[in-house]
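Quick look at coords.cif (mmCIF, C-alpha atoms):
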```
data_structure
loop_
_atom_site.label_atom_id
_atom_site.label_comp_id
_atom_site.auth_asym_id
_atom_site.auth_seq_id
_atom_site.Cartn_x
_atom_site.Cartn_y
_atom_site.Cartn_z
CA MET A 512 0.00 0.00 0.00
CA SER A 513 1.44 3.36 -1.06
CA VAL A 514 1.79 6.32 1.28
CA LEU A 515 -1.07 8.22 -0.40
CA SER A 516 -3.30 5.15 -0.17
CA LYS A 517 -2.51 4.82 3.53
CA VAL A 518 -3.27 8.48 4.18
CA ALA A 519 -6.55 8.25 2.27
CA TYR A 520 -7.48 5.09 4.19
CA PHE A 521 -6.68 6.73 7.54
CA TRP A 522 -8.86 9.77 6.77
CA ARG A 523 -11.74 7.59 5.51
CA SER A 524 -11.48 5.44 8.60
CA ALA A 525 -11.44 8.51 10.86
CA ALA A 526 -14.48 10.02 9.15
CA GLY A 527 -16.24 6.66 9.35
CA GLY A 528 -15.43 6.47 13.03
CA LEU A 529 -17.17 9.80 13.64
CA LYS A 530 -20.28 8.47 11.89
CA HIS A 531 -20.06 5.11 13.69
CA ALA A 532 -20.59 6.59 17.19
CA PRO A 533 -22.01 10.11 16.71
CA PHE A 534 -23.27 10.54 20.27
CA VAL A 535 -19.94 9.64 21.84
CA HIS A 536 -18.09 12.01 19.54
CA PHE A 537 -20.70 14.71 20.15
CA ILE A 538 -19.86 14.56 23.86
CA ALA A 539 -16.14 14.88 23.13
CA VAL A 540 -16.62 17.77 20.70
CA SER A 541 -18.95 19.55 23.12
CA THR A 542 -16.45 19.16 25.97
CA ILE A 543 -13.62 20.61 23.87
CA ALA A 544 -15.85 23.44 22.66
CA ILE A 545 -16.90 24.39 26.21
CA ALA A 546 -13.31 24.32 27.49
CA LEU A 547 -12.00 26.43 24.60
CA PHE A 548 -14.94 28.83 24.82
CA ALA A 549 -14.12 29.39 28.50
CA ALA A 550 -10.44 29.87 27.59
CA GLY A 551 -11.41 32.40 24.93
CA LEU A 552 -13.58 34.31 27.38
CA ALA A 553 -10.71 34.36 29.88
CA ARG A 554 -8.38 35.65 27.16
CA GLY A 555 -10.81 38.41 26.23
CA ALA A 556 -11.30 39.34 29.89
CA SER A 557 -7.51 39.48 30.29
CA HIS A 558 -7.30 41.98 27.43
CA VAL A 559 -9.98 44.11 29.07
CA VAL A 560 -8.15 44.04 32.44
CA ASP A 561 -4.87 45.03 30.77
CA ASN A 562 -6.58 47.91 28.98
CA LEU A 563 -8.27 48.93 32.22
CA LEU A 564 -4.92 49.07 34.01
CA ALA A 565 -3.49 51.16 31.22
CA SER A 566 -6.44 53.56 31.35
CA LEU A 567 -6.24 53.84 35.13
CA GLY A 568 -2.55 54.52 34.82
CA GLY A 569 -3.47 57.57 32.76
CA GLU A 570 -5.72 58.82 35.57
CA VAL A 571 -2.90 58.77 38.12
CA GLU A 572 -1.53 62.27 38.62
CA VAL A 573 2.26 62.47 38.80
CA THR A 574 3.36 65.30 41.08
CA LEU A 575 6.97 66.40 41.46
CA TYR A 576 7.92 68.37 44.59
CA LEU A 577 10.76 70.83 44.07
CA ALA A 578 13.34 72.12 46.54
CA PRO A 579 12.27 75.45 48.12
CA GLN A 580 15.55 77.18 47.27
CA LEU A 581 15.14 76.74 43.50
CA GLY A 582 14.91 79.96 41.53
CA GLU A 583 12.64 80.62 38.58
CA ASP A 584 15.32 79.69 36.03
CA GLU A 585 16.11 76.46 37.87
CA VAL A 586 12.43 75.54 38.01
CA HIS A 587 12.25 76.14 34.26
CA GLY A 588 15.27 73.86 33.79
CA VAL A 589 13.63 71.05 35.76
CA HIS A 590 10.43 71.60 33.77
CA THR A 591 12.38 71.16 30.52
CA ARG A 592 14.07 67.96 31.75
CA VAL A 593 10.74 66.47 32.87
CA VAL A 594 9.23 67.14 29.44
CA GLU A 595 12.23 65.50 27.77
CA LEU A 596 12.01 62.41 29.98
CA SER A 597 8.25 61.92 29.92
CA HIS A 598 7.18 63.49 26.61
CA GLY A 599 4.07 64.59 28.47
CA GLU A 600 2.34 67.82 29.46
CA VAL A 601 3.88 69.51 32.50
CA THR A 602 2.26 72.32 34.50
CA VAL A 603 4.20 74.46 36.99
CA VAL A 604 2.28 75.13 40.21
CA PRO A 605 3.89 77.99 42.22
CA PRO A 606 3.75 77.84 46.04
CA GLU A 607 1.10 80.57 46.14
CA ALA A 608 -1.18 78.65 43.77
CA ALA A 609 -0.62 75.43 45.74
CA LEU A 610 -1.59 77.15 48.99
CA LYS A 611 -4.69 78.67 47.43
CA ARG A 612 -5.74 75.28 46.11
CA LEU A 613 -5.20 73.68 49.54
CA LYS A 614 -7.37 76.37 51.19
CA SER A 615 -10.12 75.71 48.68
CA GLU A 616 -9.99 71.95 49.28
CA LEU A 617 -10.11 72.36 53.07
CA GLY A 618 -13.18 74.58 52.89
CA ASP A 619 -13.90 76.43 56.16
CA LEU A 620 -10.79 74.95 57.75
CA GLY A 621 -8.68 76.57 55.05
CA GLU A 622 -8.95 79.97 56.76
CA ALA A 623 -6.58 78.69 59.43
CA LEU A 624 -3.80 78.58 56.83
CA SER A 625 -3.96 82.38 56.57
CA GLU A 626 -2.43 82.60 60.04
CA LEU A 627 0.79 80.91 58.92
CA PRO A 628 3.82 83.24 59.00
CA GLU A 629 5.05 81.89 55.64
CA ASN A 630 3.94 79.55 52.90
CA PRO A 631 5.23 76.03 53.77
CA LEU A 632 4.35 74.52 50.38
CA PRO A 633 7.07 74.09 47.74
CA ALA A 634 6.68 74.67 44.04
CA THR A 635 5.45 71.56 42.24
CA LEU A 636 5.23 70.20 38.71
CA GLU A 637 2.10 68.33 37.66
CA LEU A 638 2.73 65.81 34.88
CA ARG A 639 0.18 64.37 32.49
CA VAL A 640 1.75 61.12 31.31
CA PRO A 641 1.33 60.21 27.62
CA GLU A 642 -0.67 57.07 26.81
CA ALA A 643 2.41 55.06 25.80
CA ARG A 644 3.81 55.31 29.36
CA ARG A 645 0.69 54.68 31.41
CA SER A 646 1.33 51.05 32.36
CA PRO A 647 2.31 50.41 36.01
CA ALA A 648 5.82 49.28 35.04
CA ALA A 649 6.37 52.33 32.82
CA LEU A 650 5.10 54.66 35.55
CA ALA A 651 7.48 53.13 38.11
CA ALA A 652 10.45 53.48 35.73
CA LEU A 653 9.51 57.08 34.93
CA ALA A 654 9.17 57.95 38.63
CA LYS A 655 12.64 56.52 39.28
CA ASP A 656 14.13 58.72 36.56
CA LEU A 657 12.29 61.80 37.82
CA ARG A 658 13.46 61.31 41.41
CA ALA A 659 17.06 61.38 40.16
CA LEU A 660 16.69 64.90 38.73
CA PRO A 661 18.51 67.66 40.64
CA GLY A 662 16.12 69.93 42.53
CA VAL A 663 13.38 67.25 42.82
CA THR A 664 12.72 66.29 46.45
CA GLY A 665 9.88 63.85 45.87
CA VAL A 666 7.64 62.22 43.27
CA ASP A 667 4.10 61.04 43.96
CA TYR A 668 1.95 59.14 41.46
CA GLY A 669 -0.25 57.03 43.71
CA GLU A 670 2.31 54.24 43.79
CA ALA A 671 0.43 52.19 46.39
CA ALA A 672 -2.79 52.22 44.35
CA VAL A 673 -0.99 51.30 41.13
CA GLU A 674 0.89 48.45 42.82
CA ARG A 675 -2.35 47.18 44.33
CA LEU A 676 -4.01 47.15 40.93
CA SER A 677 -1.00 45.37 39.44
CA ALA A 678 -1.13 42.75 42.21
CA ILE A 679 -4.81 42.18 41.53
CA ALA A 680 -4.11 41.78 37.81
CA ARG A 681 -1.30 39.28 38.53
CA ALA A 682 -3.55 37.31 40.88
CA LEU A 683 -6.31 37.18 38.28
CA SER A 684 -3.86 36.04 35.60
CA PHE A 685 -2.42 33.32 37.84
CA GLY A 686 -5.88 32.14 38.87
CA ALA A 687 -7.01 32.03 35.26
CA LEU A 688 -3.89 30.04 34.32
CA VAL A 689 -4.47 27.48 37.09
CA ALA A 690 -8.15 27.16 36.15
CA LEU A 691 -7.21 26.77 32.48
CA VAL A 692 -4.72 23.97 33.26
CA VAL A 693 -7.33 22.14 35.35
CA VAL A 694 -10.02 22.54 32.68
CA LEU A 695 -7.74 21.40 29.87
CA GLY A 696 -6.53 18.41 31.90
CA THR A 697 -10.12 17.43 32.66
CA THR A 698 -11.00 17.85 28.99
CA ILE A 699 -8.23 15.46 27.91
CA VAL A 700 -9.51 12.87 30.40
CA ILE A 701 -13.11 13.21 29.15
CA VAL A 702 -12.06 13.10 25.49
CA ALA A 703 -9.91 10.03 26.16
CA ALA A 704 -12.78 8.29 27.97
CA THR A 705 -15.31 8.99 25.23
CA LEU A 706 -12.92 8.01 22.46
CA GLN A 707 -12.05 4.82 24.31
CA LEU A 708 -15.74 3.91 24.17
CA ALA A 709 -15.68 4.43 20.40
CA ILE A 710 -12.53 2.31 20.12
CA TYR A 711 -14.06 -0.44 22.24
CA SER A 712 -17.10 -0.58 19.97
CA ARG A 713 -14.72 -1.31 17.06
CA ARG A 714 -12.58 -3.82 18.92
CA GLU A 715 -13.43 -6.67 16.52
CA GLU A 716 -12.22 -4.61 13.56
CA ILE A 717 -8.98 -3.83 15.41
CA GLU A 718 -8.45 -7.48 16.34
CA ILE A 719 -8.85 -8.49 12.68
CA GLN A 720 -6.30 -5.86 11.65
CA LYS A 721 -3.86 -7.17 14.25
CA LEU A 722 -4.40 -10.75 13.06
CA VAL A 723 -3.53 -9.85 9.45
CA GLY A 724 -0.30 -8.18 10.57
CA ALA A 725 -1.24 -4.52 11.14
CA THR A 726 1.23 -2.65 13.33
CA ASP A 727 0.26 -0.57 16.35
CA ARG A 728 1.03 2.59 14.39
CA PHE A 729 -1.31 1.50 11.60
CA VAL A 730 -4.07 0.84 14.13
CA LYS A 731 -3.47 4.09 16.02
CA ALA A 732 -3.42 6.45 13.03
CA PRO A 733 -7.18 6.56 12.25
CA PHE A 734 -8.07 7.09 15.91
CA LEU A 735 -5.50 9.84 16.28
CA LEU A 736 -7.06 11.52 13.25
CA GLU A 737 -10.48 11.10 14.88
CA GLY A 738 -9.19 12.96 17.90
CA LEU A 739 -7.72 15.64 15.64
CA LEU A 740 -11.07 16.08 13.90
CA GLN A 741 -12.84 16.21 17.26
CA GLY A 742 -10.51 18.93 18.45
CA LEU A 743 -10.85 20.90 15.23
CA LEU A 744 -14.65 20.73 15.33
CA GLY A 745 -14.68 21.71 19.01
CA ALA A 746 -12.39 24.68 18.33
CA LEU A 747 -14.55 25.84 15.42
CA VAL A 748 -17.64 25.67 17.64
CA ALA A 749 -15.80 27.64 20.38
CA VAL A 750 -14.64 30.33 17.93
CA GLY A 751 -18.15 30.60 16.53
CA GLY A 752 -19.55 30.88 20.06
CA LEU A 753 -17.10 33.63 20.96
CA TRP A 754 -17.91 35.52 17.76
CA LEU A 755 -21.64 35.23 18.54
CA PHE A 756 -21.00 36.31 22.14
CA GLY A 757 -19.14 39.38 20.93
CA ARG A 758 -21.85 40.27 18.44
CA VAL A 759 -24.81 39.76 20.79
CA LEU A 760 -23.53 40.62 24.28
CA GLY A 761 -20.33 42.54 23.52
CA PRO A 762 -22.00 45.93 22.85
CA THR A 763 -24.26 45.50 25.91
CA LEU A 764 -21.31 44.73 28.20
CA GLY A 765 -19.36 47.61 26.70
CA SER A 766 -22.17 50.06 27.45
CA LEU A 767 -22.69 48.68 30.96
CA PHE A 768 -19.03 49.09 31.92
CA ALA A 769 -18.29 52.20 29.88
CA PHE A 770 -18.30 54.28 33.09
CA LEU A 771 -15.37 52.19 34.33
CA LEU A 772 -13.50 51.22 31.19
CA GLY A 773 -14.13 54.32 29.14
CA PRO A 774 -14.82 54.39 25.39
CA GLY A 775 -12.68 52.13 23.25
CA VAL A 776 -11.13 50.25 26.22
CA ALA A 777 -12.92 46.93 25.75
CA ALA A 778 -11.08 44.49 23.50
CA PRO A 779 -12.74 42.34 20.81
CA TRP A 780 -13.61 38.87 22.08
CA VAL A 781 -12.29 37.08 18.98
CA GLU A 782 -9.10 38.28 17.38
CA THR A 783 -7.38 36.48 14.52
CA ARG A 784 -4.52 35.44 16.77
CA THR A 785 -6.89 34.18 19.46
CA ALA A 786 -8.88 32.17 16.91
CA LEU A 787 -5.69 30.52 15.59
CA GLU A 788 -4.54 29.74 19.12
CA LEU A 789 -7.88 28.11 19.91
CA LEU A 790 -7.72 26.01 16.73
CA VAL A 791 -4.23 24.80 17.60
CA ALA A 792 -5.27 24.11 21.21
CA GLY A 793 -8.34 22.19 20.04
CA CYS A 794 -6.27 19.97 17.75
CA ALA A 795 -3.77 19.39 20.57
CA LEU A 796 -6.55 18.44 23.00
CA GLY A 797 -8.11 16.03 20.52
CA LEU A 798 -4.77 14.41 19.70
CA GLY A 799 -3.81 14.21 23.36
CA GLY A 800 -7.08 12.55 24.34
CA SER A 801 -6.99 10.08 21.44
CA PHE A 802 -3.33 9.24 22.15
CA VAL A 803 -4.19 8.39 25.76
CA ALA A 804 -7.26 6.36 24.74
CA VAL A 805 -5.50 4.34 22.03
CA GLY A 806 -2.50 3.73 24.26
CA ARG A 807 -4.74 2.34 27.00
CA PHE A 808 -6.64 0.09 24.60
CA LEU A 809 -3.57 -1.40 22.96
CA ARG A 810 -1.99 -2.13 26.34
CA VAL A 811 -5.06 -4.12 27.44
#
```

What does this structure look like when you write it as structure tokens?
Amino acid sequence: MSVLSKVAYFWRSAAGGLKHAPFVHFIAVSTIAIALFAAGLARGASHVVDNLLASLGGEVEVTLYLAPQLGEDEVHGVHTRVVELSHGEVTVVPPEAALKRLKSELGDLGEALSELPENPLPATLELRVPEARRSPAALAALAKDLRALPGVTGVDYGEAAVERLSAIARALSFGALVALVVVLGTTIVIVAATLQLAIYSRREEIEIQKLVGATDRFVKAPFLLEGLLQGLLGALVAVGGLWLFGRVLGPTLGSLFAFLLGPGVAAPWVETRTALELLVAGCALGLGGSFVAVGRFLRV
């Protein structure tokens, strides 16, 4: 038998196997589809969280406190260096303006500040960070560079809040990864169990093949292809489900959380890269499950 004939036989046998036990294969395909759909939702949610962190990073106000002895020219020099480092918008707040703002924020209690013999507040620079540098890591690196500037006595950008958000994002990512590993492992077990049922129903055919001299590889190939087809079908169903989810519920979710995420923050639920990753993962799950099932059967 030529190589092309063998390949054609394997594909025909795999397709016939899907028709031979449709309910069993339906369970396997459904399991793969549900697992990959959940993985796709987690991936989309991860994109949204990342975008949310970036948008919140833009809301953090970076304030630079300057040494009191700096003159007007020196303040201008620091202003220039901050613009060069951050490429953002920098506003100089003189001590008088800072004191006036503090009085306004304190309300009735602000009148007590008028009794001070001198203004204790230093001149400050308020920095609006450009979008490209709004991630927590970029903000921390920028703050480190700004603190090293001569004449700068302190930099405040809500570091504790940003680090807390970053820790929450890391915890969510780790939890999603652990859940994904558990779900995928469970899926392989279920796919292997269902495919083993299909293999057992064709045990007489396999025994005849072994009697006429078929090797284990020859026997395994059609079932491995069955698993590959199961995974591919499950992945296609998952991608279709994610596309439908994005079309039907995506706009509703975007409008519901627009007050938090802002316009344009939500990511699409199905990107080309995500769809390809799900297809590859589906094929891997199907092959993995079929490999386990065939290996168990041939060892019996």

Resolved residues for the PyMOL selection byres ((chain A and resi 542) around 12) as JSON, numbers by chain: {"A": [535, 536, 537, 538, 539, 540, 541, 543, 544, 545, 546, 547, 548, 549, 694, 695, 696, 697, 698, 699, 700, 701, 702, 703, 704, 705, 741, 742, 744, 745, 746, 748, 749, 793, 796, 797, 800]}

Expansion of the PyMOL selection byres ((chain A and resi 786) around 9) into residues, as a PyMOL selection string: chain A and resi 551+746-747+749-750+781-785+787-791

d(atom CA of A:Pro733, atom CA of A:Gly752) in Å: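 Here the two named atoms are 28.4 Å from each other.
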
Could you write out as AutoDock Vina command-line options the box around stretch 527-533 of chain A (axis-aligned, all atoms listed in the file, 8 Å on each side), with centre and edge lengths in Å to one decimal?
```
--center_x -18.7 --center_y 7.6 --center_z 13.3 --size_x 22.6 --size_y 21.0 --size_z 23.8
```

The PyMOL selection byres ((chain A and resi 637) around 10) resolved against shown file, as a list in words: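 Selection result, ordered by chain and number: Glu572, Val573, Thr574, Leu575, Tyr576, His590, Glu600, Val601, Thr602, Val603, Val604, Thr635, Leu636, Leu638, Arg639, Val640, Val666, Asp667 and Tyr668 of chain A.
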
Protein, DNA and RNA residues within 10 Å of (9.0, 61.4, 30.2), all atoms listed in the file, as a PyMOL selection string: chain A and resi 592-601+638-641+644+649-650+652-654+656-657

Nearest to A:Leu739 by atom-to-atom distance, counting only C-alpha atoms, from A:Gly799, A:Gly555, A:Gly665, A:Pro605: A:Gly799

Shell around A:Leu735 at 12 Å using all atoms listed in the file, local window under 4 positions removed, as a PyMOL selection string: chain A and resi 521-522+524-526+528-529+702-703+706-707+710+727-731+739-742+794-806

Keeping C-alpha atoms, export the residues of the selection given above as a PDB file, in the frame of the given file.
```pdb
ATOM      1  CA  PHE A 521      -6.680   6.730   7.540  1.00  0.00           C
ATOM      2  CA  TRP A 522      -8.860   9.770   6.770  1.00  0.00           C
ATOM      3  CA  SER A 524     -11.480   5.440   8.600  1.00  0.00           C
ATOM      4  CA  ALA A 525     -11.440   8.510  10.860  1.00  0.00           C
ATOM      5  CA  ALA A 526     -14.480  10.020   9.150  1.00  0.00           C
ATOM      6  CA  GLY A 528     -15.430   6.470  13.030  1.00  0.00           C
ATOM      7  CA  LEU A 529     -17.170   9.800  13.640  1.00  0.00           C
ATOM      8  CA  VAL A 702     -12.060  13.100  25.490  1.00  0.00           C
ATOM      9  CA  ALA A 703      -9.910  10.030  26.160  1.00  0.00           C
ATOM     10  CA  LEU A 706     -12.920   8.010  22.460  1.00  0.00           C
ATOM     11  CA  GLN A 707     -12.050   4.820  24.310  1.00  0.00           C
ATOM     12  CA  ILE A 710     -12.530   2.310  20.120  1.00  0.00           C
ATOM     13  CA  ASP A 727       0.260  -0.570  16.350  1.00  0.00           C
ATOM     14  CA  ARG A 728       1.030   2.590  14.390  1.00  0.00           C
ATOM     15  CA  PHE A 729      -1.310   1.500  11.600  1.00  0.00           C
ATOM     16  CA  VAL A 730      -4.070   0.840  14.130  1.00  0.00           C
ATOM     17  CA  LYS A 731      -3.470   4.090  16.020  1.00  0.00           C
ATOM     18  CA  LEU A 739      -7.720  15.640  15.640  1.00  0.00           C
ATOM     19  CA  LEU A 740     -11.070  16.080  13.900  1.00  0.00           C
ATOM     20  CA  GLN A 741     -12.840  16.210  17.260  1.00  0.00           C
ATOM     21  CA  GLY A 742     -10.510  18.930  18.450  1.00  0.00           C
ATOM     22  CA  CYS A 794      -6.270  19.970  17.750  1.00  0.00           C
ATOM     23  CA  ALA A 795      -3.770  19.390  20.570  1.00  0.00           C
ATOM     24  CA  LEU A 796      -6.550  18.440  23.000  1.00  0.00           C
ATOM     25  CA  GLY A 797      -8.110  16.030  20.520  1.00  0.00           C
ATOM     26  CA  LEU A 798      -4.770  14.410  19.700  1.00  0.00           C
ATOM     27  CA  GLY A 799      -3.810  14.210  23.360  1.00  0.00           C
ATOM     28  CA  GLY A 800      -7.080  12.550  24.340  1.00  0.00           C
ATOM     29  CA  SER A 801      -6.990  10.080  21.440  1.00  0.00           C
ATOM     30  CA  PHE A 802      -3.330   9.240  22.150  1.00  0.00           C
ATOM     31  CA  VAL A 803      -4.190   8.390  25.760  1.00  0.00           C
ATOM     32  CA  ALA A 804      -7.260   6.360  24.740  1.00  0.00           C
ATOM     33  CA  VAL A 805      -5.500   4.340  22.030  1.00  0.00           C
ATOM     34  CA  GLY A 806      -2.500   3.730  24.260  1.00  0.00           C
TER      35      GLY A 806
END
```

Among listed residues A:Val723, A:Arg523, A:Leu577, A:Glu670, nearest A:Lys655 (using all atoms listed in the file):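 For A:Lys655, the nearest of the candidates is A:Glu670.
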
Of the listed residues A:Leu632, A:Val663, A:Val693, A:Ala651, that which approaches A:Ser677 most closely, counting all atoms listed in the file: A:Ala651

Atom CA of A:Pro628 to atom CA of A:Glu583, distance in Å rounded to a single decimal: 22.4 Å

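As for atom CA of A:Arg554 and atom CA of A:Pro647, they are spaced 20.3 Å apart.
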
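Distance check against A:Ala634 using all atoms listed in the file: of A:Gln580, A:Ser516, A:Ser684, A:Ser615, the minimum falls on A:Gln580.
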
Nearest to A:Ser557, chosen from A:Gly686, A:Lys721, A:Lys530, A:Asp584, with only C-alpha atoms counted in the distances: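 Checking each of A:Gly686, A:Lys721, A:Lys530, A:Asp584 against A:Ser557, counting only C-alpha atoms, the winner is A:Gly686.
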
Missing atoms in stretch 725-742 of chain A need filling: write out N, CA, C and O atoms for it as a PDB file, in the frame of the given file.
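This is the output file part_15.pdb:
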```pdb
ATOM      1  N   ALA A 725      -1.300  -5.976  11.006  1.00  0.00           N
ATOM      2  CA  ALA A 725      -1.240  -4.520  11.140  1.00  0.00           C
ATOM      3  C   ALA A 725      -0.427  -4.140  12.367  1.00  0.00           C
ATOM      4  O   ALA A 725      -0.538  -4.765  13.426  1.00  0.00           O
ATOM      5  N   THR A 726       0.414  -3.122  12.209  1.00  0.00           N
ATOM      6  CA  THR A 726       1.230  -2.650  13.330  1.00  0.00           C
ATOM      7  C   THR A 726       0.403  -1.742  14.231  1.00  0.00           C
ATOM      8  O   THR A 726      -0.691  -1.286  13.872  1.00  0.00           O
ATOM      9  N   ASP A 727       0.951  -1.480  15.419  1.00  0.00           N
ATOM     10  CA  ASP A 727       0.260  -0.570  16.350  1.00  0.00           C
ATOM     11  C   ASP A 727       0.100   0.819  15.738  1.00  0.00           C
ATOM     12  O   ASP A 727      -0.915   1.485  15.938  1.00  0.00           O
ATOM     13  N   ARG A 728       1.116   1.267  15.015  1.00  0.00           N
ATOM     14  CA  ARG A 728       1.030   2.590  14.390  1.00  0.00           C
ATOM     15  C   ARG A 728      -0.100   2.636  13.369  1.00  0.00           C
ATOM     16  O   ARG A 728      -0.827   3.631  13.269  1.00  0.00           O
ATOM     17  N   PHE A 729      -0.254   1.552  12.613  1.00  0.00           N
ATOM     18  CA  PHE A 729      -1.310   1.500  11.600  1.00  0.00           C
ATOM     19  C   PHE A 729      -2.677   1.542  12.265  1.00  0.00           C
ATOM     20  O   PHE A 729      -3.615   2.180  11.761  1.00  0.00           O
ATOM     21  N   VAL A 730      -2.793   0.864  13.417  1.00  0.00           N
ATOM     22  CA  VAL A 730      -4.070   0.840  14.130  1.00  0.00           C
ATOM     23  C   VAL A 730      -4.355   2.198  14.772  1.00  0.00           C
ATOM     24  O   VAL A 730      -5.491   2.672  14.795  1.00  0.00           O
ATOM     25  N   LYS A 731      -3.294   2.821  15.301  1.00  0.00           N
ATOM     26  CA  LYS A 731      -3.470   4.090  16.020  1.00  0.00           C
ATOM     27  C   LYS A 731      -3.848   5.245  15.097  1.00  0.00           C
ATOM     28  O   LYS A 731      -4.620   6.125  15.485  1.00  0.00           O
ATOM     29  N   ALA A 732      -3.302   5.276  13.898  1.00  0.00           N
ATOM     30  CA  ALA A 732      -3.420   6.450  13.030  1.00  0.00           C
ATOM     31  C   ALA A 732      -4.855   6.930  12.826  1.00  0.00           C
ATOM     32  O   ALA A 732      -5.140   8.125  13.005  1.00  0.00           O
ATOM     33  N   PRO A 733      -5.809   6.058  12.456  1.00  0.00           N
ATOM     34  CA  PRO A 733      -7.180   6.560  12.250  1.00  0.00           C
ATOM     35  C   PRO A 733      -7.785   7.174  13.512  1.00  0.00           C
ATOM     36  O   PRO A 733      -8.511   8.178  13.442  1.00  0.00           O
ATOM     37  N   PHE A 734      -7.493   6.566  14.665  1.00  0.00           N
ATOM     38  CA  PHE A 734      -8.070   7.090  15.910  1.00  0.00           C
ATOM     39  C   PHE A 734      -7.425   8.411  16.305  1.00  0.00           C
ATOM     40  O   PHE A 734      -8.093   9.286  16.874  1.00  0.00           O
ATOM     41  N   LEU A 735      -6.143   8.553  16.021  1.00  0.00           N
ATOM     42  CA  LEU A 735      -5.500   9.840  16.280  1.00  0.00           C
ATOM     43  C   LEU A 735      -6.113  10.925  15.395  1.00  0.00           C
ATOM     44  O   LEU A 735      -6.318  12.062  15.830  1.00  0.00           O
ATOM     45  N   LEU A 736      -6.403  10.560  14.146  1.00  0.00           N
ATOM     46  CA  LEU A 736      -7.060  11.520  13.250  1.00  0.00           C
ATOM     47  C   LEU A 736      -8.479  11.830  13.724  1.00  0.00           C
ATOM     48  O   LEU A 736      -8.952  12.960  13.566  1.00  0.00           O
ATOM     49  N   GLU A 737      -9.154  10.825  14.301  1.00  0.00           N
ATOM     50  CA  GLU A 737     -10.480  11.100  14.880  1.00  0.00           C
ATOM     51  C   GLU A 737     -10.377  12.150  15.979  1.00  0.00           C
ATOM     52  O   GLU A 737     -11.191  13.075  16.061  1.00  0.00           O
ATOM     53  N   GLY A 738      -9.386  11.971  16.838  1.00  0.00           N
ATOM     54  CA  GLY A 738      -9.190  12.960  17.900  1.00  0.00           C
ATOM     55  C   GLY A 738      -8.860  14.329  17.332  1.00  0.00           C
ATOM     56  O   GLY A 738      -9.343  15.354  17.839  1.00  0.00           O
ATOM     57  N   LEU A 739      -8.041  14.366  16.273  1.00  0.00           N
ATOM     58  CA  LEU A 739      -7.720  15.640  15.640  1.00  0.00           C
ATOM     59  C   LEU A 739      -8.968  16.308  15.089  1.00  0.00           C
ATOM     60  O   LEU A 739      -9.169  17.520  15.259  1.00  0.00           O
ATOM     61  N   LEU A 740      -9.830  15.525  14.435  1.00  0.00           N
ATOM     62  CA  LEU A 740     -11.070  16.080  13.900  1.00  0.00           C
ATOM     63  C   LEU A 740     -11.995  16.545  15.018  1.00  0.00           C
ATOM     64  O   LEU A 740     -12.654  17.586  14.902  1.00  0.00           O
ATOM     65  N   GLN A 741     -12.028  15.785  16.111  1.00  0.00           N
ATOM     66  CA  GLN A 741     -12.840  16.210  17.260  1.00  0.00           C
ATOM     67  C   GLN A 741     -12.364  17.567  17.780  1.00  0.00           C
ATOM     68  O   GLN A 741     -13.165  18.476  18.029  1.00  0.00           O
ATOM     69  N   GLY A 742     -11.057  17.678  17.952  1.00  0.00           N
ATOM     70  CA  GLY A 742     -10.510  18.930  18.450  1.00  0.00           C
ATOM     71  C   GLY A 742     -10.768  20.091  17.505  1.00  0.00           C
ATOM     72  O   GLY A 742     -11.096  21.201  17.940  1.00  0.00           O
TER      73      GLY A 742
END
```
